Structure formats: C-alpha cells, structure tokens
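**Student:** Could you have a look at this structure, given as structure tokens, before my questions?
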Amino acid sequence: MPKPLVDVDAAPASAFCLTDELTPFTSGWHTHKRHQLLYAARGALHLEVAEAQWLLPPQRAAWLAGGTRHRVRATQPATLCTVYLEPSRVPLTPEGACRVFVLPPLAREMLLYSTRWGPERAPRDVVAESFFSTLGHLLTEWSAEPRDWRLPRARTPELERAMAYTLARLSGAATLAGAAKAAGLSQRTLARRFEDEAGTSWRRFLHDARMLRAMELLAEDGARVTQTAYAVGFESLAAFTHAFTDYTGERPRDFRQRVARSAPLPPRPTARATRRTRRG
C-alpha cells in the first residue's frame with residue numbers, strides 16, 4: 001500500500017471527512033483517537049471489532065467510539081465515507097463501542113455534504129465548524145435504534161475453525177456435524193460453545209451469515225434475486241424472500257433496487273487527502 005498522506009489523529013481540524021474508492025481489500029487492525037462515523041456510499045463494507053462483525057450496505061452507517069480496535073474489508077468495489085470527530089464534538093456519545101443503524105434521509109444527505117471538508121480544511125472555517133457541531137449533536141438521535149445485523153467473532157481457535165467452516169459453505173453444504181469436525185469437538189460440545197462463547201446457536205449463526213451474504217450480493221451491479229437465493233443456500237425463492245424480509249424489514253427486490261439507486265458522492269475540491277493506508 002502507498003505511504004499514507006494523512007494522519008487522521010494529527011489533523012488540525014477537529015472534524016472532517018475522508019472518502020476512499022476501494023477495490024477488494026482488508027485493512028489491518030487499528031484504532032483512532034477520534035470518534036468515527038462510517039458509511040458505504042456505494043457497495044458494501046464489512047466492519048469488525050473485537051466482539052462482533054457487521055455488514056454495512058448503503059443506507060447503513062456505523063458509529064465507532066474513539067480508541068475502538070477495528071478493521072474494515074470489502075469484497076467488491078465500494079466507496080467508503082468516514083467522518084472523524086474529536087470527542088468534544090459529540091456531547092452525548094452513543095452507547096457502546098460500535099453501533100450500526102439505518103441512516104435517515106437527512107443523515108445521508110449530511111454525510112454526503114460533509115465530503116467537501118477534508119482534513120486539509122481550515123480549522124476555523126465557520127461554516128464547517130457549525131456543520132460538524134450539528135452533525136455531532138444529531139448523531140445520538142440517529143443511532144438511537146441500532147440494527148443487530150451482525151455476526152459474533154470467535155474468542156477461541158476451536159470456534160474460529162467452526163465459524164470459518166460455516167462461512168465457507170453458505171451455499172448449502174454446511175452442517176453442524178461438519179462444523180464440529182472442523183473444530184475438533186463433538187456436536188453437543190460445539191453447540192454449547194456457540195451458546196456460551198458467541199451468545200447464539202450454530203443454526204442461527206448460519207442463518208444470519210446467509211442473510212448478510214445475501215445483502216452483500218444484492219449490492220453488486222447486476223445482482224439478481226433468484227441467483228442470490230441459490231447462492232446462499234435456499235432452494236425456494238419464496239423461502240428466501242420470507243427470510244430476507246423478516247431479517248432486514250424489506251423484500252430482497254426492494255433492497256436491490258434501493259441500493260442500485262444510491263447516489264454517487266459529489267466531487268471533492270482535491271483528491272490528495274482521500275488517500276491513506278488505514279481505511280476506516
């Protein structure tokens with residue numbers, strides 16, 4: 001990767017936005033002193049923290065408290081928009097280290113508008129200061145109803161192997177017996193470990209992973225609902241539509257159409273400050 005052009009924690013402005021046009025990649029684990037608001041303007045992003053991992057399709061954003069260790073990855077081209085905020089800019093911080101939530105229309109427009117102010121902006125720009133102050137105050141309201149579209153992360157090698165086995169077989173070949181064999185555990189022990197360590201059952205983990213994978217596939221250009229259903233292990237389009245609607249609150253066709261209508265980011269005054277090694 002190229003040498004970073006921006007140290008986001010050293011930028012003189014107390015709040016600013018960075019954008020990245022991403023090809024498939026995985027960032028390293030890292031932290032920032034500033035709070036972050038991550039948003040996929042195009043494509044879908046995976047966000048991981050110590051305890052869990054989320055998918056961020058368009059119209060979904062993530063709040064990351066300053067100091068939270070995390071990494072971001074993308075399996076397809078995506079546009080990442082990140083607002084960095086010094087803690088003083090957020091009077092009432094959302095609960096927890098990470099919250100994923102639906103962006104209301106006003107929030108989405110504000111995040112798109114924030115791209116005009118990168119880390120090179122004048123620290124005392126009156127309009128920018130007022131704008132980010134308003135955004136910081138609204139953030140708590142926007143994130144008040146988080147969406148639990150996430151998967152737990154393993155804390156032990158055995159569960160990590162079981163999860164990796166499951167995630168590699170979302171098209172329909174995954175079984176509890178196979179996951180237990182991959183983990184080197186009995187089926188009963190693996191089931192108990194999922195409940196104790198991950199707070200969910202293996203079957204629920206498989207279901208949620210299929211739904212998140214479906215959201216990711218439907219965000220791709222030219223995605224088809226029927227092909228997506230088969231790709232995540234459903235033999236019936238009706239069953240897939242019911243499961244997806246129950247999980248996300250909207251039908252897969254509506255989700256695909258809405259994501260396809262995502263507006264591009266407005267042009268930035270300069271592109272140099274959008275490049276950096278640590279994305280997200």
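By order in the structure tokens, chains are A, B, ...; within a chain, residues start at 1; ligands start at 1, following the order shown.
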So which residues of range 67-238 of chain A fall under alpha helix (DSSP H) by DSSP, listed as a ChimeraX atom specification?

**Tutor:** /A:105-114,126-142,157-167,176-183,187-193,202-218,225-231,237-238

**Student:** Applying 8 Å and only C-alpha atoms, which residues near Ala40 in chain A remain after dropping the ones on its own chain fewer than 2 positions away? List them as a VMD selection string.

**Tutor:** chain A and resid 38 42 to 45 56 to 61 78 to 81

**Student:** Would you mind listing what lies within 9 Å of range 251-260 of chain A as an NGL selection string, with only C-alpha atoms counted and same-chain residues fewer than 4 positions away left out?

**Tutor:** :A and (42-43 or 57-59 or 214-215 or 218-225 or 240-242 or 244-246)

**Student:** I'd like to know which of A:Ala198, A:Ser171, A:Leu190, A:His32 is closest to Thr228 in chain A, using only C-alpha atoms.

**Tutor:** A:Ser171

**Student:** Work out how far CA of Leu212 in chain A is from CA of Val100 in chain A, in Å to one decimal.

**Tutor:**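 We find that CA of Val100 in chain A and CA of Leu212 in chain A lie 13.5 Å from each other.
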
**Student:** Of the residues A:His137, A:His35, A:Arg153, A:His70, which is the one nearest to Thr82 in chain A, using only C-alpha atoms?

**Tutor:**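 Looking only at the distances to Thr82 in chain A, the closest residue turns out to be A:His35.
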
**Student:** I'd like the neighbourhood of range 65-69 of chain A as a list in words, where a residue qualifies if any of its atoms comes within 10 Å (using only C-alpha atoms), though same-chain residues fewer than 3 positions away should be ignored.

**Tutor:** Gly28, Trp29, His30, Thr31, His32, Lys33, Arg34, His35, Gln36, Leu37, Glu48, Val49, Ala50, Ala62, Tyr84, Leu85, Glu86, Pro87, Thr93, Pro94, Glu95, Gly96, Ala97, Cys98 and Arg99 of chain A

**Student:** Can you pull out every residue within 9 Å of Arg108 in chain A, counting only C-alpha atoms, but drop anything in the same chain fewer than 4 positions away, and send it as an MDAnalysis selection string?

**Tutor:** chainID A and resid 39 41 59 103:104 112:113

**Student:** With distances taken over only C-alpha atoms, which residue among A:Val72, A:Val127, A:Leu64, A:Ala144 lies nearest Phe101 in chain A?

**Tutor:**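 The shortest atom-to-atom distance to Phe101 in chain A comes from A:Ala144.
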
**Student:** Report, in Å to a single decimal, how far apart CA of Leu151 in chain A and CA of Ala191 in chain A are.

**Tutor:**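 These two atoms are separated by 16.0 Å.
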
**Student:** Would you mind telling me which residue in A:Leu159, A:Ala164, A:Ala209, A:Ala74 lies nearest to Leu185 in chain A when using only C-alpha atoms?

**Tutor:** A:Leu159
